[in-house]
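Asker: This is the content of upload-v9.cif (mmCIF, C-alpha atoms):
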```
data_structure
#
loop_
_atom_site.group_PDB
_atom_site.id
_atom_site.type_symbol
_atom_site.label_atom_id
_atom_site.label_comp_id
_atom_site.auth_asym_id
_atom_site.auth_seq_id
_atom_site.Cartn_x
_atom_site.Cartn_y
_atom_site.Cartn_z
ATOM 1 C CA PRO A 1 14.150 160.841 128.868
ATOM 2 C CA GLU A 2 15.779 157.430 128.437
ATOM 3 C CA GLU A 3 19.053 158.627 129.979
ATOM 4 C CA ASP A 4 17.255 159.677 133.174
ATOM 5 C CA THR A 5 15.465 156.310 133.310
ATOM 6 C CA ARG A 6 18.777 154.449 133.051
ATOM 7 C CA LEU A 7 20.313 156.600 135.784
ATOM 8 C CA LEU A 8 17.310 156.016 138.050
ATOM 9 C CA LEU A 9 17.529 152.259 137.464
ATOM 10 C CA LYS A 10 21.226 152.255 138.316
ATOM 11 C CA ASN A 11 20.681 154.254 141.507
ATOM 12 C CA CYS A 12 17.823 151.957 142.559
ATOM 13 C CA TYR A 13 20.114 148.985 141.994
ATOM 14 C CA ARG A 14 22.795 150.571 144.202
ATOM 15 C CA GLN A 15 20.240 150.968 146.985
ATOM 16 C CA TYR A 16 19.037 147.420 146.403
ATOM 17 C CA GLN A 17 22.598 146.133 146.806
ATOM 18 C CA GLN A 18 23.115 148.050 150.051
ATOM 19 C CA TYR A 19 19.876 146.785 151.587
ATOM 20 C CA SER A 20 20.652 143.255 150.384
ATOM 21 C CA LYS A 21 23.959 143.375 152.261
ATOM 22 C CA VAL A 22 22.144 144.551 155.382
ATOM 23 C CA GLN A 23 19.596 141.760 154.909
ATOM 24 C CA THR A 24 22.364 139.158 154.797
ATOM 25 C CA MET A 25 23.985 140.639 157.894
ATOM 26 C CA LEU A 26 20.700 140.680 159.823
ATOM 27 C CA LYS A 27 19.864 137.139 158.727
ATOM 28 C CA ASN A 28 23.245 135.881 159.963
ATOM 29 C CA ASN A 29 22.725 137.805 163.200
ATOM 30 C CA LEU A 30 19.335 136.135 163.729
ATOM 31 C CA ILE A 31 20.799 132.694 163.042
ATOM 32 C CA SER A 32 23.575 133.319 165.583
ATOM 33 C CA LEU A 33 21.063 134.489 168.165
ATOM 34 C CA LEU A 34 18.743 131.529 167.586
ATOM 35 C CA ASP A 35 21.670 129.136 167.946
ATOM 36 C CA THR A 36 21.661 130.119 171.616
ATOM 37 C CA THR A 37 17.926 129.511 172.098
ATOM 38 C CA PHE A 38 16.902 127.085 169.327
ATOM 39 C CA PRO A 39 20.069 125.661 167.696
ATOM 40 C CA GLY A 40 19.779 124.873 163.990
ATOM 41 C CA MET A 41 16.333 126.431 163.631
ATOM 42 C CA ASN A 42 17.021 127.722 160.103
ATOM 43 C CA ARG A 43 18.084 124.253 158.934
ATOM 44 C CA LEU A 44 14.743 122.691 159.871
ATOM 45 C CA PHE A 45 13.086 124.147 156.770
ATOM 46 C CA ASN A 46 13.917 123.908 153.082
ATOM 47 C CA THR A 47 10.970 125.999 151.890
ATOM 48 C CA PRO A 48 12.230 128.676 149.443
ATOM 49 C CA ALA A 49 11.595 132.343 150.116
ATOM 50 C CA ARG A 50 8.210 133.546 148.902
ATOM 51 C CA ALA A 51 7.620 136.311 146.361
ATOM 52 C CA ASP A 52 7.449 138.890 149.147
ATOM 53 C CA GLY A 53 10.815 137.760 150.530
ATOM 54 C CA SER A 54 9.397 136.067 153.625
ATOM 55 C CA GLU A 55 10.908 132.764 154.770
ATOM 56 C CA LYS A 56 9.169 130.065 156.770
ATOM 57 C CA TRP A 57 11.946 129.566 159.304
ATOM 58 C CA VAL A 58 11.886 133.282 160.189
ATOM 59 C CA ASP A 59 8.106 133.230 160.668
ATOM 60 C CA TYR A 60 8.405 130.023 162.693
ATOM 61 C CA ALA A 61 11.088 131.590 164.908
ATOM 62 C CA GLU A 62 8.784 134.459 165.728
ATOM 63 C CA LEU A 63 6.388 132.033 167.432
ATOM 64 C CA PHE A 64 8.703 129.217 168.538
ATOM 65 C CA TRP A 65 11.796 131.268 169.392
ATOM 66 C CA HIS A 66 13.071 128.872 172.093
ATOM 67 C CA VAL A 67 13.231 125.058 172.181
ATOM 68 C CA ASP A 68 11.104 125.128 175.343
ATOM 69 C CA CYS A 69 8.324 126.783 173.315
ATOM 70 C CA VAL A 70 8.022 123.353 171.686
ATOM 71 C CA ARG A 71 9.192 120.980 174.416
ATOM 72 C CA SER A 72 6.825 122.415 177.001
ATOM 73 C CA LEU A 73 3.882 121.291 174.860
ATOM 74 C CA SER A 74 2.484 117.837 174.177
ATOM 75 C CA LEU A 75 2.690 116.660 170.585
ATOM 76 C CA HIS A 76 -1.039 117.231 170.205
ATOM 77 C CA ALA A 77 -0.854 120.771 171.621
ATOM 78 C CA PHE A 78 2.142 121.606 169.432
ATOM 79 C CA SER A 79 0.380 120.187 166.383
ATOM 80 C CA GLU A 80 -2.618 122.423 166.934
ATOM 81 C CA LYS A 81 -0.421 125.466 167.499
ATOM 82 C CA TYR A 82 1.678 124.692 164.419
ATOM 83 C CA ARG A 83 -1.464 124.107 162.348
ATOM 84 C CA HIS A 84 -2.798 127.508 163.378
ATOM 85 C CA PHE A 85 0.608 129.048 162.510
ATOM 86 C CA CYS A 86 0.514 127.535 159.011
ATOM 87 C CA GLU A 87 -3.044 128.713 158.401
ATOM 88 C CA LYS A 88 -2.292 132.235 159.600
ATOM 89 C CA GLN A 89 0.926 132.560 157.596
ATOM 90 C CA GLY A 90 -0.406 130.835 154.484
ATOM 91 C CA TYR A 91 1.805 127.744 154.636
ATOM 92 C CA HIS A 92 0.737 124.210 153.777
ATOM 93 C CA PHE A 93 0.314 122.115 156.930
ATOM 94 C CA GLN A 94 1.802 118.619 156.992
ATOM 95 C CA GLN A 95 1.417 116.399 160.052
ATOM 96 C CA SER A 96 4.651 114.579 159.229
ATOM 97 C CA LYS A 97 6.558 117.885 159.185
ATOM 98 C CA CYS A 98 4.933 118.857 162.450
ATOM 99 C CA GLU A 99 6.056 115.619 164.089
ATOM 100 C CA SER A 100 9.550 116.064 162.673
ATOM 101 C CA LEU A 101 9.819 119.569 164.131
ATOM 102 C CA TYR A 102 8.580 118.326 167.500
ATOM 103 C CA ALA A 103 11.086 115.457 167.540
ATOM 104 C CA SER A 104 13.945 117.766 166.513
ATOM 105 C CA ALA A 105 13.349 120.040 169.480
ATOM 106 C CA GLN A 106 13.513 117.263 172.069
ATOM 107 C CA ASP A 107 17.276 116.739 172.043
ATOM 108 C CA LEU A 108 18.410 120.321 171.508
ATOM 109 C CA ILE A 109 20.278 122.181 174.222
ATOM 110 C CA ALA A 110 19.699 125.924 174.546
ATOM 111 C CA VAL A 111 22.547 128.061 175.838
ATOM 112 C CA PHE A 112 20.224 130.687 177.273
ATOM 113 C CA PRO A 113 17.026 130.204 179.290
ATOM 114 C CA LYS A 114 13.522 130.955 178.088
ATOM 115 C CA ASN A 115 12.816 134.368 179.562
ATOM 116 C CA ALA A 116 11.404 137.739 178.549
ATOM 117 C CA GLN A 117 14.796 139.348 177.940
ATOM 118 C CA TYR A 118 15.983 136.798 175.389
ATOM 119 C CA LYS A 119 12.554 136.705 173.784
ATOM 120 C CA ALA A 120 12.777 140.476 173.267
ATOM 121 C CA LEU A 121 16.211 140.112 171.632
ATOM 122 C CA VAL A 122 14.952 137.485 169.173
ATOM 123 C CA LYS A 123 11.784 139.456 168.401
ATOM 124 C CA MET A 124 13.856 142.593 167.759
ATOM 125 C CA ALA A 125 16.202 140.718 165.418
ATOM 126 C CA ILE A 126 13.254 139.262 163.485
ATOM 127 C CA GLY A 127 11.524 142.649 163.282
ATOM 128 C CA ASN A 128 14.656 144.337 161.925
ATOM 129 C CA LEU A 129 15.174 141.574 159.350
ATOM 130 C CA LYS A 130 11.575 141.704 158.141
ATOM 131 C CA GLU A 131 11.696 145.478 157.802
ATOM 132 C CA VAL A 132 14.797 145.308 155.599
ATOM 133 C CA ILE A 133 13.287 142.457 153.551
ATOM 134 C CA THR A 134 10.337 144.761 152.826
ATOM 135 C CA HIS A 135 12.726 147.452 151.580
ATOM 136 C CA VAL A 136 14.611 144.933 149.413
ATOM 137 C CA GLU A 137 11.439 143.610 147.791
ATOM 138 C CA THR A 138 10.080 147.135 147.259
ATOM 139 C CA LEU A 139 13.292 148.093 145.470
ATOM 140 C CA ARG A 140 13.232 144.864 143.449
ATOM 141 C CA ALA A 141 9.727 145.650 142.198
ATOM 142 C CA ALA A 142 10.668 149.284 141.497
ATOM 143 C CA MET A 143 13.703 148.184 139.471
ATOM 144 C CA ASN A 144 11.561 145.918 137.312
ATOM 145 C CA GLU A 145 9.034 148.699 136.752
ATOM 146 C CA ILE A 146 11.759 151.166 135.756
ATOM 147 C CA ALA A 147 13.549 148.640 133.530
ATOM 148 C CA SER A 148 10.289 147.886 131.703
ATOM 149 C CA GLN A 149 10.340 151.472 130.419
ATOM 150 C CA LEU A 150 13.616 150.883 128.547
ATOM 151 C CA PRO A 151 13.431 149.770 124.899
ATOM 152 C CA GLU A 152 15.545 146.593 125.208
ATOM 153 C CA TYR A 153 13.514 145.221 128.153
ATOM 154 C CA PRO A 154 11.398 142.673 126.194
ATOM 155 C CA VAL A 155 14.488 141.240 124.495
ATOM 156 C CA VAL A 156 16.420 140.929 127.755
ATOM 157 C CA MET A 157 13.519 139.264 129.535
ATOM 158 C CA GLU A 158 13.282 136.590 126.842
ATOM 159 C CA MET A 159 16.839 135.407 127.500
ATOM 160 C CA LYS A 160 17.233 132.171 129.452
ATOM 161 C CA GLY A 161 18.295 132.613 133.076
ATOM 162 C CA VAL A 162 17.016 136.185 133.220
ATOM 163 C CA GLY A 163 13.913 137.141 135.186
ATOM 164 C CA PRO A 164 12.271 140.192 136.792
ATOM 165 C CA SER A 165 15.042 140.348 139.394
ATOM 166 C CA LEU A 166 18.259 139.636 137.457
ATOM 167 C CA GLY A 167 17.072 141.308 134.239
ATOM 168 C CA PRO A 168 16.873 144.839 135.705
ATOM 169 C CA GLN A 169 20.183 144.290 137.519
ATOM 170 C CA LEU A 170 21.819 143.356 134.228
ATOM 171 C CA MET A 171 20.342 146.353 132.435
ATOM 172 C CA ALA A 172 21.315 148.698 135.263
ATOM 173 C CA GLU A 173 24.988 147.770 134.988
ATOM 174 C CA ILE A 174 25.275 147.490 131.200
ATOM 175 C CA GLY A 175 23.343 150.655 130.439
ATOM 176 C CA ASP A 176 22.660 151.532 126.823
ATOM 177 C CA PRO A 177 23.946 148.624 124.665
ATOM 178 C CA MET A 178 24.478 151.051 121.789
ATOM 179 C CA ARG A 179 27.366 152.707 123.606
ATOM 180 C CA PHE A 180 29.532 149.624 123.016
ATOM 181 C CA LYS A 181 31.045 149.629 119.523
ATOM 182 C CA HIS A 182 31.663 145.872 119.443
ATOM 183 C CA ARG A 183 31.103 142.735 121.527
ATOM 184 C CA GLU A 184 34.633 142.742 122.909
ATOM 185 C CA ALA A 185 34.032 146.194 124.387
ATOM 186 C CA LEU A 186 31.126 144.828 126.432
ATOM 187 C CA THR A 187 32.945 141.677 127.597
ATOM 188 C CA ALA A 188 35.944 143.832 128.548
ATOM 189 C CA PHE A 189 33.621 146.174 130.447
ATOM 190 C CA ALA A 190 32.380 143.175 132.444
ATOM 191 C CA GLY A 191 35.896 141.784 132.880
ATOM 192 C CA VAL A 192 35.107 138.373 131.377
ATOM 193 C CA ASP A 193 37.046 138.647 128.130
ATOM 194 C CA PRO A 194 40.613 137.295 128.699
ATOM 195 C CA GLY A 195 39.506 133.717 129.338
ATOM 196 C CA VAL A 196 38.233 133.354 125.779
ATOM 197 C CA ASN A 197 40.318 133.363 122.612
ATOM 198 C CA GLN A 198 39.203 134.248 119.104
ATOM 199 C CA SER A 199 37.901 130.765 118.401
ATOM 200 C CA GLY A 200 35.604 130.957 121.416
ATOM 201 C CA THR A 201 37.411 128.280 123.416
ATOM 202 C CA LEU A 202 39.192 128.778 126.708
ATOM 203 C CA ASN A 203 42.937 129.180 126.659
ATOM 204 C CA GLN A 204 44.835 126.570 128.587
ATOM 205 C CA GLY A 205 46.317 128.041 131.727
ATOM 206 C CA SER A 206 44.534 131.353 131.262
ATOM 207 C CA ASN A 207 42.915 133.295 134.053
ATOM 208 C CA SER A 208 39.184 132.759 134.478
ATOM 209 C CA ALA A 209 38.537 136.488 134.153
ATOM 210 C CA SER A 210 40.452 139.741 134.051
ATOM 211 C CA LYS A 211 38.644 141.051 137.139
ATOM 212 C CA THR A 212 39.455 144.545 135.905
ATOM 213 C CA GLY A 213 35.919 145.224 134.689
ATOM 214 C CA ASN A 214 32.650 145.877 136.477
ATOM 215 C CA PRO A 215 32.437 143.568 139.532
ATOM 216 C CA ARG A 216 28.696 144.183 139.979
ATOM 217 C CA LEU A 217 28.014 143.118 136.414
ATOM 218 C CA ARG A 218 30.168 140.003 136.822
ATOM 219 C CA HIS A 219 28.283 139.131 140.002
ATOM 220 C CA THR A 220 24.939 139.397 138.176
ATOM 221 C CA LEU A 221 26.259 137.373 135.232
ATOM 222 C CA PHE A 222 27.422 134.598 137.559
ATOM 223 C CA LYS A 223 23.973 134.540 139.166
ATOM 224 C CA ILE A 224 22.443 134.087 135.717
ATOM 225 C CA MET A 225 24.890 131.266 135.005
ATOM 226 C CA GLU A 226 23.871 129.603 138.292
ATOM 227 C CA VAL A 227 20.211 129.817 137.239
ATOM 228 C CA LEU A 228 21.065 128.167 133.915
ATOM 229 C CA ILE A 229 22.918 125.366 135.679
ATOM 230 C CA LYS A 230 19.941 124.837 137.959
ATOM 231 C CA LEU A 231 17.386 124.867 135.118
ATOM 232 C CA HIS A 232 19.709 123.152 132.568
ATOM 233 C CA PRO A 233 17.778 124.236 129.462
ATOM 234 C CA GLU A 234 19.228 121.814 126.913
ATOM 235 C CA GLU A 235 18.297 124.007 123.935
ATOM 236 C CA ASP A 236 20.057 127.132 125.270
ATOM 237 C CA LYS A 237 23.396 127.895 123.596
ATOM 238 C CA VAL A 238 24.941 129.469 126.698
ATOM 239 C CA TYR A 239 24.063 126.460 128.828
ATOM 240 C CA GLN A 240 25.337 124.069 126.143
ATOM 241 C CA PHE A 241 28.654 125.923 125.970
ATOM 242 C CA MET A 242 29.060 126.093 129.746
ATOM 243 C CA ASP A 243 28.023 122.468 130.248
ATOM 244 C CA LYS A 244 30.594 121.396 127.649
ATOM 245 C CA LYS A 245 33.323 123.183 129.609
ATOM 246 C CA ARG A 246 32.142 121.535 132.816
ATOM 247 C CA SER A 247 32.222 118.098 131.192
ATOM 248 C CA GLU A 248 35.808 118.800 130.106
ATOM 249 C CA GLY A 249 36.732 119.224 133.772
ATOM 250 C CA LYS A 250 37.275 122.980 133.661
ATOM 251 C CA PRO A 251 37.346 124.735 137.089
ATOM 252 C CA TYR A 252 34.240 126.557 138.329
ATOM 253 C CA LEU A 253 35.493 130.084 137.624
ATOM 254 C CA VAL A 254 36.660 129.105 134.158
ATOM 255 C CA TYR A 255 33.387 127.593 132.921
ATOM 256 C CA MET A 256 31.301 130.267 134.647
ATOM 257 C CA THR A 257 33.368 133.019 133.012
ATOM 258 C CA ALA A 258 33.153 131.280 129.644
ATOM 259 C CA GLY A 259 29.370 131.120 129.981
ATOM 260 C CA ALA A 260 29.179 134.774 131.046
ATOM 261 C CA ASN A 261 31.278 135.774 128.038
ATOM 262 C CA LYS A 262 29.039 133.898 125.589
ATOM 263 C CA PHE A 263 25.908 135.261 127.266
ATOM 264 C CA LEU A 264 27.137 138.847 126.888
ATOM 265 C CA ARG A 265 27.973 138.317 123.238
ATOM 266 C CA ILE A 266 24.448 137.066 122.589
ATOM 267 C CA TYR A 267 23.016 139.902 124.703
ATOM 268 C CA TYR A 268 24.980 142.412 122.649
ATOM 269 C CA GLY A 269 23.770 141.009 119.347
ATOM 270 C CA LYS A 270 20.104 140.645 120.297
ATOM 271 C CA THR A 271 19.677 144.017 122.012
ATOM 272 C CA ARG A 272 21.478 146.018 119.337
ATOM 273 C CA GLU A 273 19.592 144.288 116.535
ATOM 274 C CA TYR A 274 16.313 145.041 118.302
ATOM 275 C CA LEU A 275 17.228 148.677 118.998
ATOM 276 C CA HIS A 276 18.352 149.181 115.386
ATOM 277 C CA ALA A 277 15.005 147.768 114.212
ATOM 278 C CA LEU A 278 13.116 150.121 116.515
ATOM 279 C CA GLU A 279 15.097 153.067 115.192
ATOM 280 C CA ALA A 280 14.444 152.021 111.597
ATOM 281 C CA ASP A 281 10.703 151.717 112.267
ATOM 282 C CA LYS A 282 10.705 155.151 113.856
ATOM 283 C CA GLU A 283 12.403 156.705 110.856
ATOM 284 C CA THR A 284 9.990 154.971 108.490
ATOM 285 C CA ASN A 285 6.949 156.237 110.384
ATOM 286 C CA GLU A 286 8.319 159.756 110.451
#
```
Could the structure of this file be written out as structure tokens, please?
Answerer:
Amino acid sequence: PEEDTRLLLKNCYRQYQQYSKVQTMLKNNLISLLDTTFPGMNRLFNTPARADGSEKWVDYAELFWHVDCVRSLSLHAFSEKYRHFCEKQGYHFQQSKCESLYASAQDLIAVFPKNAQYKALVKMAIGNLKEVITHVETLRAAMNEIASQLPEYPVVMEMKGVGPSLGPQLMAEIGDPMRFKHREALTAFAGVDPGVNQSGTLNQGSNSASKTGNPRLRHTLFKIMEVLIKLHPEEDKVYQFMDKKRSEGKPYLVYMTAGANKFLRIYYGKTREYLHALEADKETNE
């Protein structure tokens, strides 16, 4: 039944959130540990995380966990070892990047020596992080699979800023759109309604959000707004509205809340219209 599917999606999202928090904690722990053996390791790479959640700096740290793992080699020897690393892990090899990594390691000062004990600590930290990343990505895929079984899924996935990760999160927190009698009920549920007056413009001196609604939903909405800002789709009404507020000099929380409010209003209209159409088709066929 649809109700069971929605409950399962919500519970999966709760687990996803818990593992994501653990992932962040373990990542920060690894960075702190590496700062004693290879300071600034994570800042040497700007490669985004791959679809499976893996990150290049974490894979690199597993092989070159201490600055002396690089400094003890000649540039040629390091280049060959780094080339083999890239081939094994599926990364694109660039000689210029290799030389940059080699040069970066020359002036670094490690707090702790290169020995078996510290190597074991780093390897353990990396292993724990990778295990949790696997759980996070498994839950992310499961959430998308579950969400795809809900009737409003195709409509939600067509909205700008929403993808296979944020879409299921949004649906998990909102639940059945039909349970909200009007748009204001949904924006109030999210806690993004007080910053917008009846004309759709922000009140001067008003709070950016009530913060009395669903904090998880607000968090997801803000992530969607960040995606829109990054992609800046000029034709999207939510982005246009939010960008206008930014150009007027509105504070971050104000324009983000305004965008979230407009997004939810559009979400409400599109999903309910689609669900009503599905219901009408069902009645016609019967």
Asker: As a check of understanding, name the residues that the PyMOL selection byres ((chain A and resi 241) around 10) selects in the supplied structure, as a PyMOL selection string.
Answerer: chain A and resi 200-201+236-240+242-246+255+258-259+262-263
Asker: List the spatial neighbours of range 116-130 of chain A as a list in words - criterion: any atom at most 10 Å away, all atoms listed in the file, same-chain residues fewer than 6 positions off excluded.
Answerer: Val22, Gln23, Thr24, Met25, Leu26, Lys27, Asn28, Asn29, Leu30, Ile31, Leu33, Leu34, Thr36, Thr37, Gly53, Ser54, Glu55, Val58, Asp59, Ala61, Glu62, Leu63, Phe64, Trp65, His66 and Val136 of chain A
Asker: Could you write those residues out with C-alpha atoms, as a PDB file, keeping the file's coordinate frame?
Answerer:
```
ATOM      1  CA  VAL A  22      22.144 144.551 155.382  1.00  0.00           C
ATOM      2  CA  GLN A  23      19.596 141.760 154.909  1.00  0.00           C
ATOM      3  CA  THR A  24      22.364 139.158 154.797  1.00  0.00           C
ATOM      4  CA  MET A  25      23.985 140.639 157.894  1.00  0.00           C
ATOM      5  CA  LEU A  26      20.700 140.680 159.823  1.00  0.00           C
ATOM      6  CA  LYS A  27      19.864 137.139 158.727  1.00  0.00           C
ATOM      7  CA  ASN A  28      23.245 135.881 159.963  1.00  0.00           C
ATOM      8  CA  ASN A  29      22.725 137.805 163.200  1.00  0.00           C
ATOM      9  CA  LEU A  30      19.335 136.135 163.729  1.00  0.00           C
ATOM     10  CA  ILE A  31      20.799 132.694 163.042  1.00  0.00           C
ATOM     11  CA  LEU A  33      21.063 134.489 168.165  1.00  0.00           C
ATOM     12  CA  LEU A  34      18.743 131.529 167.586  1.00  0.00           C
ATOM     13  CA  THR A  36      21.661 130.119 171.616  1.00  0.00           C
ATOM     14  CA  THR A  37      17.926 129.511 172.098  1.00  0.00           C
ATOM     15  CA  GLY A  53      10.815 137.760 150.530  1.00  0.00           C
ATOM     16  CA  SER A  54       9.397 136.067 153.625  1.00  0.00           C
ATOM     17  CA  GLU A  55      10.908 132.764 154.770  1.00  0.00           C
ATOM     18  CA  VAL A  58      11.886 133.282 160.189  1.00  0.00           C
ATOM     19  CA  ASP A  59       8.106 133.230 160.668  1.00  0.00           C
ATOM     20  CA  ALA A  61      11.088 131.590 164.908  1.00  0.00           C
ATOM     21  CA  GLU A  62       8.784 134.459 165.728  1.00  0.00           C
ATOM     22  CA  LEU A  63       6.388 132.033 167.432  1.00  0.00           C
ATOM     23  CA  PHE A  64       8.703 129.217 168.538  1.00  0.00           C
ATOM     24  CA  TRP A  65      11.796 131.268 169.392  1.00  0.00           C
ATOM     25  CA  HIS A  66      13.071 128.872 172.093  1.00  0.00           C
ATOM     26  CA  VAL A 136      14.611 144.933 149.413  1.00  0.00           C
TER      27      VAL A 136
END
```
Asker: Pick the closest to Met256 in chain A from A:Met225, A:Ala147, A:Met159, A:Ala103: which is it, counting all atoms listed in the file?
Answerer: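 Using all atoms listed in the file, Met256 in chain A sits closest to A:Met225.
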Asker: Show me the residues close to (18.9, 127.6, 177.4) - anything with an atom within 9 Å, counting all atoms listed in the file - and format the list as a ChimeraX atom specification.
Answerer: /A:36-38,66-68,109-114
Asker: Output C-alpha atoms for every residue in that selection, as a PDB file, in the coordinates of the input.
Answerer:
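Produced file out_34.pdb, reproduced below:
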```
ATOM      1  CA  THR A  36      21.661 130.119 171.616  1.00  0.00           C
ATOM      2  CA  THR A  37      17.926 129.511 172.098  1.00  0.00           C
ATOM      3  CA  PHE A  38      16.902 127.085 169.327  1.00  0.00           C
ATOM      4  CA  HIS A  66      13.071 128.872 172.093  1.00  0.00           C
ATOM      5  CA  VAL A  67      13.231 125.058 172.181  1.00  0.00           C
ATOM      6  CA  ASP A  68      11.104 125.128 175.343  1.00  0.00           C
ATOM      7  CA  ILE A 109      20.278 122.181 174.222  1.00  0.00           C
ATOM      8  CA  ALA A 110      19.699 125.924 174.546  1.00  0.00           C
ATOM      9  CA  VAL A 111      22.547 128.061 175.838  1.00  0.00           C
ATOM     10  CA  PHE A 112      20.224 130.687 177.273  1.00  0.00           C
ATOM     11  CA  PRO A 113      17.026 130.204 179.290  1.00  0.00           C
ATOM     12  CA  LYS A 114      13.522 130.955 178.088  1.00  0.00           C
TER      13      LYS A 114
END
```
Asker: Contacts of Gln17 in chain A at 12 Å or less, counting all atoms listed in the file, minus same-chain residues fewer than 5 places along, as a ChimeraX atom specification?
Answerer: /A:10-12,22-24,132,135-137,139-140,143,169,172,216,219-220
Asker: Take the PyMOL selection byres ((chain A and resi 95) around 12), run it mentally on this structure, and tell me the resulting residues as a list in words.
Answerer: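 Selection result, ordered by chain and number: Leu75, His76, Phe78, Ser79, Glu80, Lys81, Tyr82, Arg83, Cys86, His92, Phe93, Gln94, Ser96, Lys97, Cys98, Glu99, Ser100, Leu101 and Tyr102 of chain A.
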Asker: Nearest residue to Ser20 in chain A out of A:Thr257, A:Ile133, A:Tyr153, A:Glu184, using only C-alpha atoms?
Answerer: A:Ile133
Asker: What do you get, as a list in words, if you spell out every residue that the PyMOL selection byres ((chain A and resi 274) around 12) selects here?
Answerer: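 Applied to this file, the PyMOL selection byres ((chain A and resi 274) around 12) selects Pro151, Glu152, Tyr153, Pro154, Val155, Val156, Pro177, Met178, Tyr267, Tyr268, Gly269, Lys270, Thr271, Arg272, Glu273, Leu275, His276, Ala277, Leu278, Glu279, Ala280 and Asp281 of chain A.
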Asker: So, with only C-alpha atoms as the atoms that count, which of A:Gln18, A:Gln106, A:Thr284, A:Ser247 lies closest to Leu73 in chain A?
Answerer: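 Between A:Gln18, A:Gln106, A:Thr284, A:Ser247, the residue approaching Leu73 in chain A most closely is A:Gln106.
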Asker: Interatomic distance between CA of Asp193 in chain A and CA of Leu217 in chain A?
Answerer: 13.0 Å
Asker: Please report the interatomic distance between CA of Asp176 in chain A and CA of Asn285 in chain A in Å with one decimal.
Answerer: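 Rounded to one decimal, the two atoms are 23.2 Å apart.
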Asker: Smallest atom-to-atom distance to Asp107 in chain A: which of A:Ile224, A:Gly161, A:Gly90, A:Gly40, using all atoms listed in the file?
Answerer: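 Comparing A:Ile224, A:Gly161, A:Gly90, A:Gly40 against Asp107 in chain A, the winner is A:Gly40.
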Asker: Suppose you want the space between CA of Thr138 in chain A and CA of Phe189 in chain A; what is it in Å?
Answerer: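 Calculated distance between CA of Thr138 in chain A and CA of Phe189 in chain A is 28.9 Å.
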Asker: Pick from A:Val254, A:Leu221, A:Ala77, A:Ala260: nearest to Met171 in chain A, with all atoms listed in the file counted?
Answerer: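 Of A:Val254, A:Leu221, A:Ala77, A:Ala260, the one nearest Met171 in chain A is A:Leu221, counting all atoms listed in the file.
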Asker: When you count all atoms listed in the file, which of these residues is closest to Glu131 in chain A: A:Asp52, A:Glu248, A:Glu226, A:Glu2?
Answerer: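 Checking each of A:Asp52, A:Glu248, A:Glu226, A:Glu2 against Glu131 in chain A, counting all atoms listed in the file, the winner is A:Asp52.
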Asker: How big is the axis-aligned box around the listed atoms of range 121-130 of chain A once 3 Å is added on each side, and where is its centre? Give both in Å to one decimal, as lines of an AutoDock Vina configuration file.
Answerer:
```
center_x = 13.9
center_y = 140.9
center_z = 164.9
size_x = 10.7
size_y = 12.9
size_z = 19.5
```
Asker: Please output range 140-151 of chain A, rebuilt to include N, CA and C atoms, as a PDB file, in the frame of the given file.
Answerer:
```
ATOM      1  N   ARG A 140      13.215 145.845 144.543  1.00  0.00           N
ATOM      2  CA  ARG A 140      13.232 144.864 143.449  1.00  0.00           C
ATOM      3  C   ARG A 140      12.072 145.128 142.479  1.00  0.00           C
ATOM      4  N   ALA A 141      10.898 145.369 143.034  1.00  0.00           N
ATOM      5  CA  ALA A 141       9.727 145.650 142.198  1.00  0.00           C
ATOM      6  C   ALA A 141       9.895 146.968 141.449  1.00  0.00           C
ATOM      7  N   ALA A 142      10.454 147.972 142.126  1.00  0.00           N
ATOM      8  CA  ALA A 142      10.668 149.284 141.497  1.00  0.00           C
ATOM      9  C   ALA A 142      11.655 149.170 140.342  1.00  0.00           C
ATOM     10  N   MET A 143      12.714 148.376 140.530  1.00  0.00           N
ATOM     11  CA  MET A 143      13.703 148.184 139.471  1.00  0.00           C
ATOM     12  C   MET A 143      13.080 147.545 138.236  1.00  0.00           C
ATOM     13  N   ASN A 144      12.210 146.572 138.444  1.00  0.00           N
ATOM     14  CA  ASN A 144      11.561 145.918 137.312  1.00  0.00           C
ATOM     15  C   ASN A 144      10.629 146.889 136.585  1.00  0.00           C
ATOM     16  N   GLU A 145       9.936 147.719 137.348  1.00  0.00           N
ATOM     17  CA  GLU A 145       9.034 148.699 136.752  1.00  0.00           C
ATOM     18  C   GLU A 145       9.818 149.730 135.927  1.00  0.00           C
ATOM     19  N   ILE A 146      10.926 150.180 136.465  1.00  0.00           N
ATOM     20  CA  ILE A 146      11.759 151.166 135.756  1.00  0.00           C
ATOM     21  C   ILE A 146      12.370 150.544 134.507  1.00  0.00           C
ATOM     22  N   ALA A 147      12.908 149.324 134.659  1.00  0.00           N
ATOM     23  CA  ALA A 147      13.549 148.640 133.530  1.00  0.00           C
ATOM     24  C   ALA A 147      12.560 148.407 132.394  1.00  0.00           C
ATOM     25  N   SER A 148      11.300 148.161 132.733  1.00  0.00           N
ATOM     26  CA  SER A 148      10.289 147.886 131.703  1.00  0.00           C
ATOM     27  C   SER A 148      10.043 149.091 130.799  1.00  0.00           C
ATOM     28  N   GLN A 149      10.506 150.262 131.219  1.00  0.00           N
ATOM     29  CA  GLN A 149      10.340 151.472 130.419  1.00  0.00           C
ATOM     30  C   GLN A 149      11.459 151.648 129.393  1.00  0.00           C
ATOM     31  N   LEU A 150      12.492 150.794 129.472  1.00  0.00           N
ATOM     32  CA  LEU A 150      13.616 150.883 128.547  1.00  0.00           C
ATOM     33  C   LEU A 150      13.349 150.015 127.318  1.00  0.00           C
ATOM     34  N   PRO A 151      13.798 150.447 126.151  1.00  0.00           N
ATOM     35  CA  PRO A 151      13.431 149.770 124.899  1.00  0.00           C
ATOM     36  C   PRO A 151      13.876 148.313 124.784  1.00  0.00           C
TER      37      PRO A 151
END
```
